[in-house]
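run.csv (CSV, C-alpha atoms) appears below.
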```csv
chain,number,residue,atom,x,y,z
T,28,MET,CA,-13.9,-10.9,3.9
T,29,GLY,CA,-11.0,-12.6,2.3
T,30,GLY,CA,-7.5,-12.7,3.8
T,31,THR,CA,-4.6,-11.3,1.8
T,32,GLY,CA,-1.5,-12.1,3.9
T,33,LYS,CA,-1.8,-9.9,6.9
T,34,ARG,CA,-4.5,-7.8,5.5
T,35,TRP,CA,-8.2,-8.4,4.6
T,36,LYS,CA,-10.1,-7.1,1.6
T,37,ILE,CA,-13.3,-5.4,2.8
T,38,ALA,CA,-14.6,-3.7,-0.3
T,39,THR,CA,-13.9,-2.5,-3.9
T,40,VAL,CA,-14.7,1.1,-4.8
T,41,ARG,CA,-14.5,2.1,-8.5
T,42,GLY,CA,-12.2,-0.8,-9.1
T,43,ILE,CA,-9.9,-0.1,-6.2
T,44,PRO,CA,-9.7,-2.8,-3.5
T,45,LEU,CA,-9.8,-1.6,0.1
T,46,TYR,CA,-8.0,-3.6,2.7
T,47,VAL,CA,-7.5,-3.5,6.5
T,48,SER,CA,-4.5,-4.9,8.2
T,49,THR,CA,-4.5,-6.9,11.4
T,50,SER,CA,-2.9,-4.0,13.2
T,51,TRP,CA,-5.8,-1.8,12.2
T,52,PHE,CA,-8.2,-3.8,14.3
T,53,VAL,CA,-6.0,-3.2,17.3
T,54,ILE,CA,-5.9,0.5,16.9
T,55,ALA,CA,-9.6,0.7,16.1
T,56,ALA,CA,-10.5,-1.2,19.3
T,57,ILE,CA,-8.1,1.0,21.3
T,58,TYR,CA,-9.7,4.2,19.9
T,59,VAL,CA,-13.2,3.1,20.7
T,60,TRP,CA,-12.1,2.0,24.2
T,61,LEU,CA,-10.4,5.4,24.9
T,62,ARG,CA,-13.5,7.4,23.7
T,63,TYR,CA,-15.8,5.1,25.7
T,64,THR,CA,-13.7,5.5,28.9
T,65,PHE,CA,-13.7,9.3,28.4
T,66,TYR,CA,-17.5,9.5,28.0
T,67,THR,CA,-18.3,7.2,30.9
T,68,THR,CA,-15.8,8.4,33.5
T,69,ARG,CA,-15.3,12.1,32.7
T,70,ALA,CA,-18.5,13.0,30.9
T,71,GLY,CA,-20.8,10.9,33.0
T,72,VAL,CA,-22.6,9.3,30.0
T,73,GLU,CA,-24.6,6.2,30.3
T,74,PRO,CA,-22.6,3.1,29.0
T,75,SER,CA,-25.0,2.3,26.1
T,76,GLU,CA,-25.0,5.9,24.9
T,77,ALA,CA,-21.2,6.2,25.4
T,78,LEU,CA,-20.7,3.1,23.3
T,79,MET,CA,-22.9,4.4,20.5
T,80,ILE,CA,-21.0,7.8,20.4
T,81,SER,CA,-17.6,6.1,20.6
T,82,VAL,CA,-18.4,3.9,17.6
T,83,LEU,CA,-19.7,7.0,15.7
T,84,ALA,CA,-16.5,8.8,16.6
T,85,ALA,CA,-14.4,5.9,15.4
T,86,ALA,CA,-16.3,5.7,12.1
T,87,LEU,CA,-15.7,9.4,11.5
T,88,PHE,CA,-12.0,9.2,12.4
T,89,PHE,CA,-11.2,6.2,10.3
T,90,GLY,CA,-13.5,7.5,7.6
T,91,SER,CA,-11.1,10.5,7.5
T,92,VAL,CA,-8.2,8.2,7.2
T,93,LEU,CA,-9.9,6.6,4.2
T,94,LEU,CA,-10.6,10.0,2.6
T,95,HIS,CA,-6.9,10.9,3.0
T,96,GLU,CA,-5.9,7.7,1.2
T,97,SER,CA,-8.6,8.2,-1.4
T,98,ALA,CA,-7.3,11.6,-2.2
T,99,HIS,CA,-4.0,10.0,-3.1
T,100,ALA,CA,-5.8,7.5,-5.3
T,101,VAL,CA,-8.0,10.1,-7.0
T,102,MET,CA,-5.0,12.3,-7.8
T,103,ALA,CA,-3.2,9.2,-9.2
T,104,ARG,CA,-6.1,8.2,-11.3
T,105,GLY,CA,-6.3,11.8,-12.5
T,106,LEU,CA,-2.7,11.5,-13.7
T,107,ASP,CA,-3.6,8.2,-15.5
T,108,LEU,CA,-1.6,6.2,-13.0
T,109,PRO,CA,-2.7,2.7,-11.8
T,110,VAL,CA,-3.9,2.2,-8.2
T,111,SER,CA,-3.8,-1.4,-7.1
T,112,GLY,CA,-5.1,-0.9,-3.6
T,113,ILE,CA,-5.6,1.1,-0.4
T,114,THR,CA,-4.7,-0.5,3.0
T,115,LEU,CA,-5.7,0.9,6.4
T,116,VAL,CA,-2.9,0.0,8.9
T,117,PHE,CA,-1.9,0.8,12.5
T,118,TRP,CA,-0.3,4.2,11.7
T,119,GLY,CA,-2.9,5.4,9.1
T,120,GLY,CA,-2.9,4.0,5.6
T,121,ALA,CA,-1.0,3.3,2.4
T,122,THR,CA,-2.0,3.8,-1.2
T,123,GLU,CA,-0.3,1.6,-3.8
T,124,THR,CA,0.4,3.6,-7.0
T,125,LYS,CA,3.3,4.5,-9.3
T,126,ALA,CA,3.5,8.2,-8.6
T,127,SER,CA,7.1,8.5,-9.8
T,128,ALA,CA,6.1,7.5,-13.3
T,129,ARG,CA,4.8,11.0,-13.8
T,130,GLY,CA,8.0,12.7,-12.8
T,131,PRO,CA,8.6,15.0,-9.9
T,132,LEU,CA,5.5,17.0,-10.3
T,133,GLY,CA,3.3,13.9,-10.4
T,134,GLU,CA,5.0,12.5,-7.3
T,135,PHE,CA,4.6,15.8,-5.5
T,136,LEU,CA,0.9,16.2,-6.3
T,137,VAL,CA,0.0,12.6,-5.3
T,138,ALA,CA,1.8,13.1,-1.9
T,139,PHE,CA,0.5,16.7,-1.4
T,140,VAL,CA,-3.3,15.9,-1.6
T,141,GLY,CA,-3.2,13.6,1.4
T,142,PRO,CA,-2.2,16.2,4.1
T,143,ALA,CA,-4.3,18.8,2.2
T,144,THR,CA,-7.4,16.6,2.5
T,145,THR,CA,-6.8,16.0,6.2
T,146,LEU,CA,-6.4,19.7,6.8
T,147,ALA,CA,-9.7,20.4,5.0
T,148,LEU,CA,-11.3,17.7,7.2
T,149,ALA,CA,-10.0,19.5,10.3
T,150,GLY,CA,-11.9,22.6,9.1
T,151,ALA,CA,-15.0,20.6,8.4
T,152,PHE,CA,-14.9,19.0,11.9
T,153,TRP,CA,-14.4,22.5,13.4
T,154,VAL,CA,-17.5,23.8,11.6
T,155,GLY,CA,-19.4,20.7,12.9
T,156,GLU,CA,-18.3,21.7,16.4
T,157,GLN,CA,-19.7,25.2,15.9
T,158,LEU,CA,-23.1,23.9,14.7
T,159,THR,CA,-23.6,21.3,17.4
T,160,ASN,CA,-23.5,21.1,21.2
T,161,GLY,CA,-23.0,18.7,24.0
T,162,LEU,CA,-21.2,15.4,23.3
T,163,VAL,CA,-21.5,15.7,19.6
T,164,ALA,CA,-19.7,19.1,19.7
T,165,GLU,CA,-17.0,17.6,22.0
T,166,THR,CA,-16.5,14.7,19.5
T,167,MET,CA,-16.2,17.1,16.6
T,168,ALA,CA,-13.7,19.2,18.5
T,169,SER,CA,-11.6,16.1,19.3
T,170,LEU,CA,-11.7,15.0,15.6
T,171,ALA,CA,-10.8,18.5,14.4
T,172,TYR,CA,-7.8,18.6,16.8
T,173,LEU,CA,-6.6,15.1,15.7
T,174,SER,CA,-7.0,15.9,12.0
T,175,LEU,CA,-5.0,19.2,12.4
T,176,ILE,CA,-2.2,17.4,14.3
T,177,PHE,CA,-2.0,14.5,11.8
T,178,ALA,CA,-2.1,16.8,8.8
T,179,ALA,CA,0.9,18.8,10.2
T,180,PHE,CA,2.6,15.6,11.3
T,181,ASN,CA,2.2,13.9,8.0
T,182,ALA,CA,3.6,16.9,6.1
T,183,LEU,CA,6.9,16.8,8.0
T,184,PRO,CA,9.8,16.4,5.5
T,185,GLY,CA,10.8,12.9,6.5
T,186,PHE,CA,10.6,9.9,4.2
T,187,PRO,CA,8.3,7.9,4.0
T,188,LEU,CA,5.8,10.4,5.3
T,189,ASP,CA,3.9,12.4,2.6
T,190,GLY,CA,6.1,15.4,3.5
T,191,GLY,CA,9.2,13.3,2.8
T,192,ARG,CA,7.8,12.3,-0.5
T,193,MET,CA,7.1,16.0,-1.3
T,194,LEU,CA,10.7,16.8,-0.3
T,195,LEU,CA,11.9,14.0,-2.6
T,196,ALA,CA,9.8,15.3,-5.5
T,197,ALA,CA,10.9,18.9,-4.9
T,198,VAL,CA,14.7,18.0,-4.9
T,199,TRP,CA,14.2,15.8,-7.9
T,200,GLY,CA,12.6,18.6,-9.8
T,201,LEU,CA,15.3,21.1,-8.8
T,202,THR,CA,18.3,18.8,-9.5
T,203,GLY,CA,16.9,16.5,-12.1
T,204,ASP,CA,18.6,13.7,-10.2
T,205,ARG,CA,16.3,11.3,-8.3
T,206,ARG,CA,19.2,9.6,-6.6
T,207,THR,CA,20.2,12.9,-4.9
T,208,ALA,CA,16.5,13.5,-4.1
T,209,MET,CA,16.3,10.0,-2.4
T,210,ARG,CA,19.4,10.7,-0.3
T,211,VAL,CA,18.0,14.1,0.8
T,212,ALA,CA,14.6,12.5,1.6
T,213,GLY,CA,16.3,9.7,3.6
T,214,LEU,CA,18.3,12.2,5.6
T,215,GLY,CA,15.1,14.1,6.2
T,216,GLY,CA,13.6,10.9,7.6
T,217,ILE,CA,16.5,10.4,10.0
T,218,VAL,CA,16.3,14.1,11.2
T,219,VAL,CA,12.5,14.0,11.7
T,220,GLY,CA,12.7,10.6,13.2
T,221,VAL,CA,15.2,11.7,15.8
T,222,ALA,CA,13.1,14.7,16.6
T,223,VAL,CA,9.9,12.7,17.0
T,224,GLY,CA,11.8,10.1,19.1
T,225,ALA,CA,13.0,12.9,21.4
T,226,VAL,CA,9.4,14.1,21.8
T,227,ALA,CA,8.4,10.5,22.7
T,228,VAL,CA,11.1,10.3,25.3
T,229,TRP,CA,10.1,13.6,26.8
T,230,LEU,CA,6.4,12.6,27.0
T,231,ILE,CA,7.4,9.4,28.8
T,232,GLY,CA,9.6,11.3,31.2
T,233,ALA,CA,6.9,13.8,31.9
T,234,ARG,CA,4.3,11.0,32.2
T,235,ASP,CA,2.0,13.3,30.2
T,236,ASP,CA,0.6,10.9,27.6
T,237,VAL,CA,2.2,7.5,27.4
T,238,GLY,CA,-0.1,6.3,24.6
T,239,THR,CA,1.0,9.2,22.4
T,240,ALA,CA,4.6,8.6,23.4
T,241,VAL,CA,4.5,5.0,22.3
T,242,PHE,CA,2.9,6.0,19.0
T,243,PHE,CA,5.5,8.7,18.3
T,244,GLY,CA,8.3,6.2,19.2
T,245,TYR,CA,6.9,3.7,16.7
T,246,VAL,CA,6.8,6.3,13.9
T,247,ALA,CA,10.3,7.5,14.8
T,248,ALA,CA,11.6,4.0,14.4
T,249,ILE,CA,9.9,3.8,10.9
T,250,LEU,CA,11.4,7.1,9.8
T,251,ILE,CA,14.9,6.4,11.1
T,252,GLY,CA,14.9,2.9,9.7
T,253,ALA,CA,13.8,4.1,6.2
T,254,GLY,CA,16.3,6.9,6.3
T,255,ARG,CA,19.2,4.6,7.3
T,256,GLY,CA,18.3,2.1,4.6
T,257,MET,CA,18.2,4.7,1.8
T,258,ASP,CA,21.8,4.4,0.7
T,259,ARG,CA,21.4,0.6,0.4
T,260,ARG,CA,18.2,1.1,-1.5
T,261,ILE,CA,20.0,3.5,-3.9
T,262,ALA,CA,22.9,1.0,-4.4
T,263,VAL,CA,20.5,-1.7,-5.3
T,264,ARG,CA,18.6,0.6,-7.7
T,265,ASP,CA,21.9,1.4,-9.4
T,266,GLN,CA,22.4,-2.3,-10.1
T,267,LEU,CA,18.8,-3.0,-11.1
T,268,VAL,CA,18.7,-0.1,-13.5
T,269,LYS,CA,21.1,-2.1,-15.7
T,270,GLY,CA,18.4,-4.7,-16.5
T,271,LEU,CA,15.0,-4.6,-18.2
T,272,VAL,CA,11.9,-6.5,-17.3
T,273,ALA,CA,12.4,-8.5,-20.6
T,274,ASP,CA,15.8,-9.7,-19.3
T,275,ALA,CA,14.4,-11.2,-16.1
T,276,MET,CA,10.8,-12.2,-16.9
T,277,ARG,CA,9.7,-15.8,-17.2
T,278,PRO,CA,7.3,-17.3,-19.7
T,279,PRO,CA,3.7,-16.2,-19.3
T,280,PRO,CA,1.3,-18.3,-17.3
T,281,PRO,CA,-1.7,-20.0,-18.9
T,282,THR,CA,-4.5,-17.6,-20.0
T,283,VAL,CA,-8.3,-18.1,-19.5
T,284,PRO,CA,-10.7,-17.0,-22.3
T,285,ALA,CA,-13.1,-14.3,-21.0
T,286,ASP,CA,-16.1,-15.9,-22.7
T,287,ILE,CA,-15.9,-19.5,-21.3
T,288,THR,CA,-18.2,-20.3,-18.3
T,289,LEU,CA,-17.0,-20.1,-14.8
T,290,VAL,CA,-17.6,-23.8,-14.3
T,291,GLN,CA,-15.4,-24.6,-17.3
T,292,ALA,CA,-12.7,-22.3,-16.0
T,293,LEU,CA,-12.9,-24.2,-12.6
T,294,ASP,CA,-12.5,-27.6,-14.3
T,295,ASP,CA,-9.8,-26.6,-16.7
T,296,TYR,CA,-7.7,-24.0,-14.8
T,297,LEU,CA,-8.7,-23.1,-11.2
T,298,ARG,CA,-9.3,-26.5,-9.5
T,299,GLY,CA,-6.3,-27.2,-7.3
T,300,ALA,CA,-4.8,-23.7,-7.9
T,301,ASP,CA,-5.8,-22.1,-4.6
T,302,GLY,CA,-4.2,-18.7,-4.2
T,303,GLN,CA,-3.3,-18.4,-7.9
T,304,ALA,CA,-4.8,-15.9,-10.3
T,305,PHE,CA,-4.8,-16.5,-14.1
T,306,PRO,CA,-4.8,-13.8,-16.8
T,307,VAL,CA,-8.1,-13.4,-18.6
T,308,ILE,CA,-7.9,-12.6,-22.3
T,309,ASP,CA,-10.6,-11.3,-24.7
T,310,ALA,CA,-11.3,-12.4,-28.3
T,311,ALA,CA,-8.4,-10.3,-29.5
T,312,GLY,CA,-5.9,-11.9,-27.1
T,313,ARG,CA,-5.6,-8.8,-24.9
T,314,VAL,CA,-5.5,-9.2,-21.1
T,315,THR,CA,-8.5,-7.7,-19.4
T,316,GLY,CA,-8.2,-9.0,-15.9
T,317,THR,CA,-7.4,-12.0,-13.7
T,318,VAL,CA,-9.5,-14.8,-12.3
T,319,SER,CA,-9.0,-17.0,-9.3
T,320,ILE,CA,-11.1,-19.4,-7.3
T,321,GLU,CA,-11.9,-16.5,-4.9
T,322,SER,CA,-13.0,-14.0,-7.5
T,323,ALA,CA,-14.9,-16.7,-9.5
T,324,ARG,CA,-16.7,-18.0,-6.5
T,325,ARG,CA,-18.5,-14.6,-5.8
T,326,VAL,CA,-20.4,-14.9,-9.1
T,327,GLY,CA,-20.2,-18.7,-9.8
T,328,ALA,CA,-21.8,-19.6,-6.5
T,329,ARG,CA,-25.0,-18.0,-7.8
T,330,ASP,CA,-24.7,-19.0,-11.5
T,331,PRO,CA,-21.7,-21.1,-12.5
T,332,LEU,CA,-22.7,-20.7,-16.2
T,333,ARG,CA,-21.9,-17.0,-16.2
T,334,PRO,CA,-18.8,-16.0,-18.4
T,335,VAL,CA,-15.4,-15.6,-16.8
T,336,ARG,CA,-15.4,-11.9,-17.5
T,337,GLU,CA,-18.1,-11.5,-14.9
T,338,GLY,CA,-16.1,-13.2,-12.2
T,339,MET,CA,-12.7,-11.7,-12.8
T,340,ARG,CA,-10.8,-8.9,-11.0
T,341,THR,CA,-10.0,-5.8,-13.0
T,342,LEU,CA,-6.5,-5.5,-14.4
T,343,ASN,CA,-5.7,-2.5,-12.2
T,344,GLN,CA,-5.6,-4.8,-9.2
T,345,THR,CA,-2.6,-6.6,-10.6
T,346,PRO,CA,0.9,-5.1,-11.1
T,347,VAL,CA,1.3,-4.6,-14.8
T,348,LEU,CA,4.8,-4.1,-16.4
T,349,ALA,CA,6.1,-3.3,-19.8
T,350,PRO,CA,9.1,-5.4,-21.2
T,351,ASP,CA,11.2,-2.2,-21.6
T,352,GLU,CA,10.8,-1.0,-18.1
T,353,THR,CA,14.0,-1.0,-16.0
T,354,LEU,CA,14.1,-3.5,-13.1
T,355,ASP,CA,14.6,-0.8,-10.5
T,356,ASP,CA,11.2,0.7,-11.3
T,357,ALA,CA,9.6,-2.8,-11.7
T,358,VAL,CA,10.8,-4.0,-8.2
T,359,GLU,CA,9.4,-0.8,-6.6
T,360,TRP,CA,6.0,-1.3,-8.2
T,361,LEU,CA,5.8,-5.1,-7.5
T,362,GLY,CA,6.4,-4.6,-3.8
T,363,GLY,CA,6.9,-8.3,-3.3
T,364,ARG,CA,4.0,-9.3,-5.5
T,365,GLU,CA,3.8,-11.1,-8.8
T,366,GLY,CA,3.2,-9.0,-11.9
T,367,LEU,CA,2.2,-9.5,-15.6
T,368,VAL,CA,4.3,-8.3,-18.4
T,369,LEU,CA,2.2,-6.8,-21.3
T,370,ARG,CA,3.2,-5.4,-24.7
T,371,ASP,CA,0.3,-3.4,-26.2
T,372,GLY,CA,-2.1,-5.3,-24.0
T,373,VAL,CA,-0.8,-8.8,-25.0
T,374,LEU,CA,0.7,-11.0,-22.4
T,375,VAL,CA,4.4,-11.8,-23.0
T,376,GLY,CA,5.6,-12.9,-19.6
T,377,ALA,CA,5.4,-12.7,-15.8
T,378,LEU,CA,7.8,-11.2,-13.2
T,379,GLY,CA,8.1,-11.7,-9.5
T,380,PRO,CA,10.7,-11.2,-6.8
T,381,ASP,CA,12.3,-14.7,-7.4
T,382,ASP,CA,12.8,-13.8,-11.1
T,383,VAL,CA,14.6,-10.6,-10.2
T,384,GLU,CA,16.7,-12.5,-7.7
T,385,ARG,CA,17.8,-14.9,-10.4
T,386,TRP,CA,18.7,-12.1,-12.7
T,387,TYR,CA,20.6,-10.3,-9.9
T,388,GLY,CA,22.6,-13.4,-9.1
T,389,ARG,CA,23.3,-14.3,-12.7
T,390,VAL,CA,24.1,-10.8,-14.1
T,391,ILE,CA,25.3,-8.7,-11.1
T,392,GLU,CA,27.0,-11.4,-8.9
T,393,GLY,CA,28.0,-13.6,-11.8
T,394,ARG,CA,26.9,-16.9,-10.3
T,395,PRO,CA,24.7,-19.7,-11.7
T,396,THR,CA,21.2,-19.7,-10.4
T,397,THR,CA,18.1,-21.8,-10.8
T,398,THR,CA,15.6,-21.1,-13.5
T,399,PRO,CA,11.8,-21.5,-13.3
T,400,SER,CA,12.0,-24.8,-15.2
T,401,LEU,CA,14.6,-26.3,-12.8
T,402,ALA,CA,13.4,-24.9,-9.5
T,403,VAL,CA,11.0,-27.1,-7.6
T,404,PRO,CA,9.4,-25.6,-4.5
T,405,GLY,CA,10.8,-27.1,-1.4
T,406,ALA,CA,13.5,-29.1,-3.2
T,407,ALA,CA,17.2,-28.7,-3.2
T,408,PRO,CA,18.8,-27.2,-6.3
T,409,PRO,CA,20.5,-29.5,-8.8
T,410,PRO,CA,24.2,-30.2,-8.3
T,411,GLY,CA,26.4,-27.3,-9.3
T,412,VAL,CA,23.5,-24.8,-9.1
T,413,VAL,CA,23.4,-22.2,-6.4
T,414,ALA,CA,20.0,-21.5,-4.9
T,415,PRO,CA,19.1,-17.9,-5.3
T,416,ARG,CA,19.4,-15.8,-2.2
T,417,SER,CA,17.5,-12.6,-1.5
T,418,ILE,CA,18.8,-9.4,-3.0
T,419,PRO,CA,19.2,-6.5,-0.7
T,420,PRO,CA,15.8,-5.0,0.1
T,421,ASN,CA,14.7,-2.5,-2.5
T,422,ARG,CA,11.0,-2.3,-1.8
T,423,VAL,CA,9.6,1.1,-1.0
T,424,PRO,CA,8.4,0.7,2.6
T,425,PRO,CA,4.7,1.3,3.4
T,426,ARG,CA,4.1,4.9,3.8
T,427,PRO,CA,2.9,5.7,7.4
T,428,ASP,CA,0.2,8.2,6.3
T,429,LEU,CA,-1.0,9.9,9.4
T,430,PRO,CA,-4.2,11.7,8.3
```
In structure tokens, write the structure found in this file.
Amino acid sequence: MGGTGKRWKIATVRGIPLYVSTSWFVIAAIYVWLRYTFYTTRAGVEPSEALMISVLAAALFFGSVLLHESAHAVMARGLDLPVSGITLVFWGGATETKASARGPLGEFLVAFVGPATTLALAGAFWVGEQLTNGLVAETMASLAYLSLIFAAFNALPGFPLDGGRMLLAAVWGLTGDRRTAMRVAGLGGIVVGVAVGAVAVWLIGARDDVGTAVFFGYVAAILIGAGRGMDRRIAVRDQLVKGLVADAMRPPPPTVPADITLVQALDDYLRGADGQAFPVIDAAGRVTGTVSIESARRVGARDPLRPVREGMRTLNQTPVLAPDETLDDAVEWLGGREGLVLRDGVLVGALGPDDVERWYGRVIEGRPTTTPSLAVPGAAPPPGVVAPRSIPPNRVPPRPDLP
């Protein structure tokens, strides 16, 4: 299980990597403990049996979270959109895709299928309750109730919940103006956040369910924070829309031929490049994926003479941009990561947050900034050159999908 910042990759399904965050382990352990405590203290179940049922309940619950996120991914793939990953987090999950690239209808459909899937799962768990008895029926009833609550909760019209994204798409479609839609969705996030926060305070005052109150308070903070930051997000987008990816990208990184052996790639490219991924090109010069020490090791450990194409990651796991895309869309898709710039499948450059910061400082703020060739990690900038500072945050925050 390889670490990826504060998340870990656990599997790849149909080319889509699945991650779990560190916070997910916490909520998973809490869920198992709460079910175990219920079974042993209130249902009088033997500890070994209670543990087994608790783990089964957790598998079904978090499996439903994964199905919720998979629904987003399947719809995105159906609209021919890239999906670079699914991450399970404390509040549910997040699916990384470019839903806005298909206009308001595409954005609405990608958001809508999440709560719809969770609602269908609530019905499936209810049927399971009717067909079983005893502890299994109680577990199914609990899962049906949770799924119903989370489906309704996640459909609330507050950004960045799925309901808020549906609201954004609907207003965008009605007005033809995404800026107006973003403002409405941000306001919806504040209103819903305040309402959820009020419920959390009431629960704490009533001492009815402190755990639920803390969870609601956490989600309320996310909603209010996202809503309050929407005007700044829009202001930054208004500036970034003035530039294209071609204006800010840096020269492309070295490419690795797909047909050389993994051991040759290790000697010529990968050794000493921990954490870096290199574009892989086919005989026609088109990028087909990326290779790193981590991806190459999975195959190379068994047979280092296998070709690079068998030890690479597929291209949909890397942000891919076109030179004529505007920087506002590019920054949203990058989400703090490095991306490749392709023209008709051929690598023409690379773009990351630092490149956008340099463009922002040079073009928008009118100040000299470092360039990739001058910048040395950890070193002071040359005399007369101002080190780039972070532009105002423009990244779309992780969506707290609550399946």
Pick from T:Ser169, T:Gly71, T:Ala179, T:Val335 nearest to Thr315 of chain T, counting only C-alpha atoms: T:Val335
Could you make a table, as a tab-separated table, of the residues of segment 244-350 of chain T that have an atom within 9 Å of an atom of segment 187-210 of chain T, each with its nearest atom pair and distance in Å to one decimal, counting all atoms listed in the file, in chain and number order?
```
residue	atom	partner	partner_atom	distance
T:Ile249	CA	T:Pro187	CA	8.2
T:Leu250	CA	T:Pro187	CA	6.6
T:Ala253	CA	T:Pro187	CA	7.0
T:Gly254	CA	T:Arg210	CA	8.2
T:Met257	CA	T:Arg210	CA	6.5
T:Asp258	CA	T:Arg210	CA	6.8
T:Ile261	CA	T:Arg206	CA	6.7
```
Residue nearest Thr124 of chain T among T:Asp356, T:Leu378, T:Gly220, T:Ala285 (counting only C-alpha atoms):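 Nearest candidate to Thr124 of chain T out of T:Asp356, T:Leu378, T:Gly220, T:Ala285: T:Asp356.
Residue nearest Glu384 of chain T, chosen from T:Asp274, T:Glu156, T:Glu352, T:Asp286 and counting all atoms listed in the file: T:Asp274.
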Interatomic distance, atom CA of Ala222 of chain T to atom CA of Gly256 of chain T (Å, one decimal): 18.2 Å
Point-to-point distance from atom CA of Leu348 of chain T to atom CA of Arg298 of chain T, Å rounded to tenths: 27.4 Å
Surrounding residues of Thr345 of chain T excluding itself and chain neighbours under 5 positions, 10 Å, all atoms listed in the file, as a list in words: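 Listed by chain and then number, they are Pro109, Val110, Ser111, Gly112, Ala304, Pro306, Gly316, Thr317, Arg340, Leu361, Arg364, Glu365, Gly366 and Leu367 of chain T.
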Point (-15.5, 7.5, 30.0) neighbourhood (12 Å, all atoms listed in the file) written as a ChimeraX atom specification: /T:59-78,80-81,162
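Among the candidate residues T:Ala225, T:Ala84, T:Ala240, T:Leu93, the one lying nearest to Leu170 of chain T is T:Ala84, with distances computed using all atoms listed in the file.
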Separation of atom CA of Phe177 of chain T from atom CA of Leu230 of chain T in Å: 17.5 Å
Arg313 of chain T environment, 8 Å, all atoms listed in the file, sequence neighbours closer than 5 positions dropped, as a VMD selection string: chain T and resid 308 372 to 374
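Ranking T:Ile54, T:Val116, T:Ala147, T:Leu87 by their shortest atom-to-atom distance to Lys33 of chain T, with all atoms listed in the file included, puts T:Val116 first.
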